[in-house]
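Structure file coords.tsv (TSV, C-alpha atoms) follows.
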chain	number	residue	atom	x	y	z
A	10	MET	CA	14.63	-7.08	-3.59
A	11	ALA	CA	11.27	-7.80	-4.09
A	12	ASN	CA	14.41	-5.86	-4.58
A	13	ASN	CA	15.09	-2.44	-3.24
A	14	ASP	CA	18.24	-1.93	-5.26
A	15	ARG	CA	17.03	1.38	-6.56
A	16	GLN	CA	18.40	4.13	-4.38
A	17	PRO	CA	17.66	7.83	-4.56
A	18	VAL	CA	19.82	9.83	-6.91
A	19	HIS	CA	20.18	13.54	-7.44
A	20	THR	CA	18.36	14.38	-10.66
A	21	GLU	CA	17.25	17.44	-12.55
A	22	GLU	CA	13.97	17.16	-10.65
A	23	GLY	CA	15.66	17.84	-7.33
A	24	ASN	CA	17.64	16.47	-4.46
A	25	PRO	CA	15.91	13.52	-2.74
A	26	TRP	CA	17.77	13.79	0.56
A	27	VAL	CA	15.71	15.45	3.27
A	28	HIS	CA	18.72	15.96	5.58
A	29	GLY	CA	21.47	15.98	2.98
A	30	ALA	CA	23.30	13.06	1.42
A	31	PRO	CA	24.03	10.17	3.77
A	32	THR	CA	27.43	9.78	5.34
A	33	VAL	CA	29.79	6.97	4.42
A	34	GLU	CA	28.83	3.78	6.21
A	35	HIS	CA	30.26	0.30	6.51
A	36	LEU	CA	28.09	-2.11	4.51
A	37	GLU	CA	28.19	-5.74	5.55
A	38	VAL	CA	26.31	-8.67	4.08
A	39	VAL	CA	25.64	-11.25	6.79
A	40	PRO	CA	24.23	-14.79	6.64
A	41	TYR	CA	20.45	-15.14	6.72
A	42	ASP	CA	19.12	-14.59	10.22
A	43	GLU	CA	16.14	-16.69	11.33
A	44	GLU	CA	15.06	-13.73	13.49
A	45	TRP	CA	14.37	-11.41	10.53
A	46	PRO	CA	10.78	-12.58	9.91
A	47	GLY	CA	9.90	-12.14	13.59
A	48	ARG	CA	11.55	-8.73	13.66
A	49	TYR	CA	9.48	-7.72	10.63
A	50	THR	CA	6.27	-8.98	12.27
A	51	ALA	CA	6.91	-6.85	15.36
A	52	LEU	CA	7.73	-3.79	13.21
A	53	GLU	CA	4.59	-4.28	11.12
A	54	ALA	CA	2.43	-4.48	14.24
A	55	ARG	CA	3.83	-1.20	15.58
A	56	ILE	CA	3.32	0.55	12.22
A	57	ARG	CA	-0.27	-0.76	11.99
A	58	GLU	CA	-1.00	0.39	15.52
A	59	ALA	CA	0.42	3.85	14.81
A	60	LEU	CA	-1.30	4.36	11.44
A	61	GLY	CA	-4.49	2.35	11.71
A	62	SER	CA	-6.50	2.41	8.49
A	63	ARG	CA	-4.04	4.88	6.93
A	64	ALA	CA	-1.75	1.88	6.34
A	65	LEU	CA	-3.42	0.31	3.31
A	66	GLU	CA	-0.79	-2.40	3.03
A	67	ILE	CA	2.48	-3.28	4.77
A	68	VAL	CA	4.80	-5.86	3.21
A	69	HIS	CA	8.19	-7.34	4.06
A	70	VAL	CA	10.38	-7.00	0.96
A	71	GLY	CA	14.08	-7.06	0.16
A	72	SER	CA	16.65	-9.70	0.93
A	73	THR	CA	15.70	-10.18	4.58
A	74	ALA	CA	12.31	-11.43	3.30
A	75	VAL	CA	13.92	-14.31	1.39
A	76	PRO	CA	14.68	-17.34	3.58
A	77	GLY	CA	18.28	-18.46	3.21
A	78	LEU	CA	19.49	-15.29	1.50
A	79	ALA	CA	22.43	-13.38	2.97
A	80	ALA	CA	21.67	-9.68	3.39
A	81	LYS	CA	22.53	-6.44	5.05
A	82	ASP	CA	20.94	-6.52	8.52
A	83	ILE	CA	18.30	-3.99	7.46
A	84	ILE	CA	14.61	-4.83	7.22
A	85	ASP	CA	13.00	-3.38	4.08
A	86	ILE	CA	9.29	-2.66	4.31
A	87	ASP	CA	6.87	-1.32	1.70
A	88	LEU	CA	4.07	0.79	3.14
A	89	THR	CA	1.13	1.76	0.95
A	90	VAL	CA	-0.81	4.89	1.91
A	91	ALA	CA	-3.60	6.67	0.06
A	92	ASP	CA	-1.43	9.64	-0.93
A	93	PRO	CA	2.29	9.77	-0.11
A	94	ARG	CA	2.26	13.54	-0.77
A	95	ARG	CA	0.16	14.02	2.37
A	96	GLU	CA	3.07	13.42	4.71
A	97	GLU	CA	1.17	14.95	7.62
A	98	THR	CA	-1.11	11.88	7.65
A	99	TYR	CA	1.61	9.29	8.25
A	100	VAL	CA	5.01	10.87	9.02
A	101	PRO	CA	4.22	12.23	12.54
A	102	PRO	CA	2.94	8.87	13.87
A	103	LEU	CA	5.96	7.12	12.39
A	104	THR	CA	8.31	9.77	13.79
A	105	ALA	CA	6.82	9.02	17.21
A	106	LEU	CA	8.03	5.43	16.72
A	107	GLY	CA	11.56	6.65	15.94
A	108	TYR	CA	11.42	6.71	12.13
A	109	ASP	CA	13.09	9.60	10.32
A	110	LEU	CA	11.99	10.84	6.89
A	111	THR	CA	15.22	10.76	4.88
A	112	VAL	CA	14.16	10.56	1.22
A	113	ARG	CA	11.48	12.43	-0.73
A	114	GLU	CA	11.17	11.70	-4.47
A	115	PRO	CA	7.98	13.25	-5.87
A	116	TRP	CA	9.20	12.59	-9.43
A	117	TRP	CA	9.46	8.81	-8.82
A	118	HIS	CA	6.01	7.46	-7.89
A	119	GLU	CA	5.87	9.97	-4.98
A	120	HIS	CA	8.31	7.71	-3.13
A	121	ARG	CA	9.23	8.53	0.45
A	122	MET	CA	11.62	6.59	2.65
A	123	LEU	CA	11.86	6.67	6.39
A	124	ARG	CA	14.66	5.04	8.35
A	125	LEU	CA	14.67	3.51	11.77
A	126	ALA	CA	18.08	3.26	13.43
A	127	HIS	CA	17.44	0.41	15.91
A	128	PRO	CA	16.67	-2.07	14.56
A	129	ARG	CA	17.72	-0.87	11.12
A	130	VAL	CA	14.71	-0.42	8.84
A	131	ASN	CA	14.16	1.19	5.46
A	132	LEU	CA	10.45	1.97	5.23
A	133	HIS	CA	9.46	2.76	1.63
A	134	VAL	CA	6.18	4.63	1.18
A	135	PHE	CA	4.18	4.49	-2.06
A	136	GLY	CA	0.61	5.05	-3.19
A	137	PRO	CA	-1.80	2.32	-4.33
A	138	GLY	CA	-1.05	0.69	-7.66
A	139	THR	CA	2.53	1.93	-7.89
A	140	PRO	CA	4.47	-0.41	-10.21
A	141	GLU	CA	7.41	-0.52	-7.80
A	142	LEU	CA	5.28	-2.31	-5.22
A	143	SER	CA	4.61	-5.14	-7.68
A	144	ARG	CA	8.25	-5.19	-8.76
A	145	HIS	CA	9.43	-5.66	-5.18
A	146	LEU	CA	7.01	-8.53	-4.57
A	147	MET	CA	7.82	-10.25	-7.86
A	148	PHE	CA	11.55	-10.18	-7.17
A	149	ARG	CA	11.12	-11.37	-3.59
A	150	ASP	CA	8.83	-14.23	-4.62
A	151	TRP	CA	11.09	-15.23	-7.52
A	152	LEU	CA	14.09	-15.54	-5.22
A	153	ARG	CA	12.02	-17.53	-2.73
A	154	SER	CA	11.13	-20.09	-5.38
A	155	HIS	CA	14.34	-20.12	-7.48
A	156	PRO	CA	17.30	-21.20	-5.33
A	157	ASP	CA	19.79	-20.91	-8.20
A	158	ASP	CA	18.99	-17.22	-8.65
A	159	ARG	CA	18.89	-16.72	-4.88
A	160	ASP	CA	22.43	-18.14	-4.66
A	161	LEU	CA	23.62	-16.08	-7.65
A	162	TYR	CA	22.22	-12.95	-6.03
A	163	ALA	CA	23.89	-13.84	-2.72
A	164	LYS	CA	27.27	-14.08	-4.47
A	165	ALA	CA	26.71	-10.73	-6.19
A	166	LYS	CA	25.85	-9.13	-2.86
A	167	ALA	CA	28.92	-10.57	-1.16
A	168	ALA	CA	31.14	-9.28	-3.98
A	169	ALA	CA	29.49	-5.83	-4.02
A	170	ALA	CA	29.77	-4.99	-0.31
A	171	PRO	CA	33.55	-4.81	0.33
A	172	GLY	CA	34.71	-1.24	-0.02
A	173	ALA	CA	31.28	0.15	-0.93
A	174	ARG	CA	30.92	3.53	0.78
A	175	HIS	CA	27.14	3.81	0.52
A	176	ALA	CA	24.09	1.86	-0.64
A	177	MET	CA	24.09	3.44	-4.12
A	178	GLU	CA	27.61	2.18	-4.83
A	179	TYR	CA	26.75	-1.26	-3.42
A	180	ASN	CA	23.59	-1.45	-5.55
A	181	SER	CA	25.42	-0.32	-8.67
A	182	ARG	CA	27.97	-3.10	-8.26
A	183	LYS	CA	25.31	-5.82	-8.28
A	184	HIS	CA	23.04	-4.23	-10.88
A	185	THR	CA	24.09	-6.53	-13.74
A	186	VAL	CA	23.09	-9.66	-11.81
A	187	VAL	CA	19.80	-8.08	-10.75
A	188	GLU	CA	19.00	-7.32	-14.40
A	189	GLN	CA	19.86	-10.89	-15.42
A	190	ILE	CA	17.43	-12.22	-12.81
A	191	TYR	CA	14.71	-9.83	-13.98
A	192	GLU	CA	15.23	-11.02	-17.56
A	193	ARG	CA	14.67	-14.64	-16.51
A	194	MET	CA	11.69	-13.64	-14.41
A	195	HIS	CA	10.05	-11.76	-17.31
A	196	ALA	CA	10.83	-14.54	-19.79
A	197	GLU	CA	9.09	-17.03	-17.47
A	198	GLN	CA	6.06	-14.75	-17.19
A	199	GLN	CA	5.87	-14.51	-20.98
A	200	ARG	CA	6.07	-18.31	-21.33
A	201	ARG	CA	3.23	-18.73	-18.83
A	202	ALA	CA	1.13	-16.15	-20.66
A	203	LEU	CA	1.28	-18.14	-23.94
Encoded form (structure tokens):
Amino acid sequence: MANNDRQPVHTEEGNPWVHGAPTVEHLEVVPYDEEWPGRYTALEARIREALGSRALEIVHVGSTAVPGLAAKDIIDIDLTVADPRREETYVPPLTALGYDLTVREPWWHEHRMLRLAHPRVNLHVFGPGTPELSRHLMFRDWLRSHPDDRDLYAKAKAAAAPGARHAMEYNSRKHTVVEQIYERMHAEQQRRAL
């Protein structure tokens, strides 16, 4: 999740929801699906075709990018564009593919998020060099290579989903475990740097 646990919140800077806050939805964590990587590959190809060179990088992140990890059946993708503020350069081609701009957070790395309903996709848009891009990849790669933390995270996800009315509540419930994993990840990086 790389980890996409961070969800938009209303702050003093403004309201991130383009169409208003999301409605209550049923969140379900399902066993890892061997079809997720292929689904991502097809989605990436369509995004690349639509955006051409405007797509500087496209990466599969989140739990569906970690083999063996249970997840919500939603593909998380990080898209890097030259300037997320210039929505006119990437939103219309993505809208033509069925994506809907749902989140705009200029105060947080100029983050934008577009959703696709079928199949479910959260497409996160950032500019080059945004720390969140590295954070997502580090978390994803850590879980891929540390089965104990992958299993711990899976248990936290399974415990967080029942009764959660929206992604922010779900993410809040598993936040402590995510932070524990980040602490181990950073401690390992510090050991390697010595």
Exercise for the section: Name the residues in contact with A:Glu66 at a cut-off of 9 Å, using only C-alpha atoms, excluding same-chain residues fewer than 3 positions from it; report them as a ChimeraX atom specification. Expected result: /A:63,87-90,137
Practice task
Please measure the separation of atom CA of A:His145 and atom CA of A:Ala168, giving the value in Å to one decimal.
Solution key: 22.0 Å
Handout entry: Between atom CA of A:Val130 and atom CA of A:Pro46 - distance in Å to one decimal
Key =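 It comes out at 12.8 Å.
Nearest to A:Ala64 of all the residues A:Ala91, A:Ile190, A:Met177, A:Ala169 is A:Ala91, based on all atoms listed in the file.
Between atom CA of A:Pro171 and atom CA of A:Asp42 the interatomic distance comes to 20.0 Å.
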Practice task
Considering only C-alpha atoms, state which residue in the set A:Pro115, A:Gly47, A:Pro128, A:Gly136 is at the smallest distance from A:Ala74.
Solution key: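 That would be A:Gly47, the residue with the smallest distance to A:Ala74.
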Practice task
Counting only C-alpha atoms, figure out which residue out of A:Leu78, A:Val70, A:Ile83, A:Leu103 gets nearest to A:Arg55.
Solution key: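 Once distances to A:Arg55 are computed over only C-alpha atoms, the minimum belongs to A:Leu103.
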Practice task
For stretch 148-163 of chain A, list every protein, DNA or RNA residue within 12 Å, evaluated using only C-alpha atoms, and leave out those in the same chain fewer than 6 positions away; present the list as an NGL selection string.
Solution key: :A and (10-14 or 38-41 or 68-81 or 85-86 or 141-142 or 169-170 or 180 or 182-195 or 197-198)
Exercise for the section: List the neighbours of A:Tyr99 out to 12 Å using all atoms listed in the file; skip same-chain residues closer than 5 positions along the sequence, and give me the result as JSON, numbers by chain. Expected result: {"A": [56, 57, 58, 59, 60, 61, 62, 63, 64, 65, 88, 89, 90, 91, 92, 93, 94, 104, 105, 106, 108, 109, 110, 121, 122, 123, 132, 134, 135]}
I need the residues from that last selection saved to file as a JSON list (two decimals), keeping the file's coordinate frame (with C-alpha atoms), if you can.
[["chain", "number", "residue", "atom", "x", "y", "z"],
["A", 56, "ILE", "CA", 3.32, 0.55, 12.22],
["A", 57, "ARG", "CA", -0.27, -0.76, 11.99],
["A", 58, "GLU", "CA", -1.00, 0.39, 15.52],
["A", 59, "ALA", "CA", 0.42, 3.85, 14.81],
["A", 60, "LEU", "CA", -1.30, 4.36, 11.44],
["A", 61, "GLY", "CA", -4.49, 2.35, 11.71],
["A", 62, "SER", "CA", -6.50, 2.41, 8.49],
["A", 63, "ARG", "CA", -4.04, 4.88, 6.93],
["A", 64, "ALA", "CA", -1.75, 1.88, 6.34],
["A", 65, "LEU", "CA", -3.42, 0.31, 3.31],
["A", 88, "LEU", "CA", 4.07, 0.79, 3.14],
["A", 89, "THR", "CA", 1.13, 1.76, 0.95],
["A", 90, "VAL", "CA", -0.81, 4.89, 1.91],
["A", 91, "ALA", "CA", -3.60, 6.67, 0.06],
["A", 92, "ASP", "CA", -1.43, 9.64, -0.93],
["A", 93, "PRO", "CA", 2.29, 9.77, -0.11],
["A", 94, "ARG", "CA", 2.26, 13.54, -0.77],
["A", 104, "THR", "CA", 8.31, 9.77, 13.79],
["A", 105, "ALA", "CA", 6.82, 9.02, 17.21],
["A", 106, "LEU", "CA", 8.03, 5.43, 16.72],
["A", 108, "TYR", "CA", 11.42, 6.71, 12.13],
["A", 109, "ASP", "CA", 13.09, 9.60, 10.32],
["A", 110, "LEU", "CA", 11.99, 10.84, 6.89],
["A", 121, "ARG", "CA", 9.23, 8.53, 0.45],
["A", 122, "MET", "CA", 11.62, 6.59, 2.65],
["A", 123, "LEU", "CA", 11.86, 6.67, 6.39],
["A", 132, "LEU", "CA", 10.45, 1.97, 5.23],
["A", 134, "VAL", "CA", 6.18, 4.63, 1.18],
["A", 135, "PHE", "CA", 4.18, 4.49, -2.06]]
Using only C-alpha atoms, I'd like a table of the residues in stretch 94-185 of chain A that come within 7 Å of stretch 32-37 of chain A; for each, show the closest atom pair and its distance in Å rounded to one decimal, ordered by chain and ascending number, as a Markdown table.
| residue | atom | partner | partner_atom | distance |
| --- | --- | --- | --- | --- |
| A:Ala170 | CA | A:Leu36 | CA | 5.9 |
| A:Ala173 | CA | A:Leu36 | CA | 6.7 |
| A:Arg174 | CA | A:Val33 | CA | 5.1 |
| A:His175 | CA | A:Val33 | CA | 5.7 |
Exercise for the section: Find the residues around A:Glu114 up to 8 Å (only C-alpha atoms counted), leave out those fewer than 5 positions away in its own chain, and share them as JSON, numbers by chain. Expected result: {"A": [17, 25, 119, 120, 121]}
Handout entry: Using all atoms listed in the file: which of A:Val112, A:Leu125, A:Ala165, A:Leu146 has the shortest distance to A:Gly23
Key = A:Val112
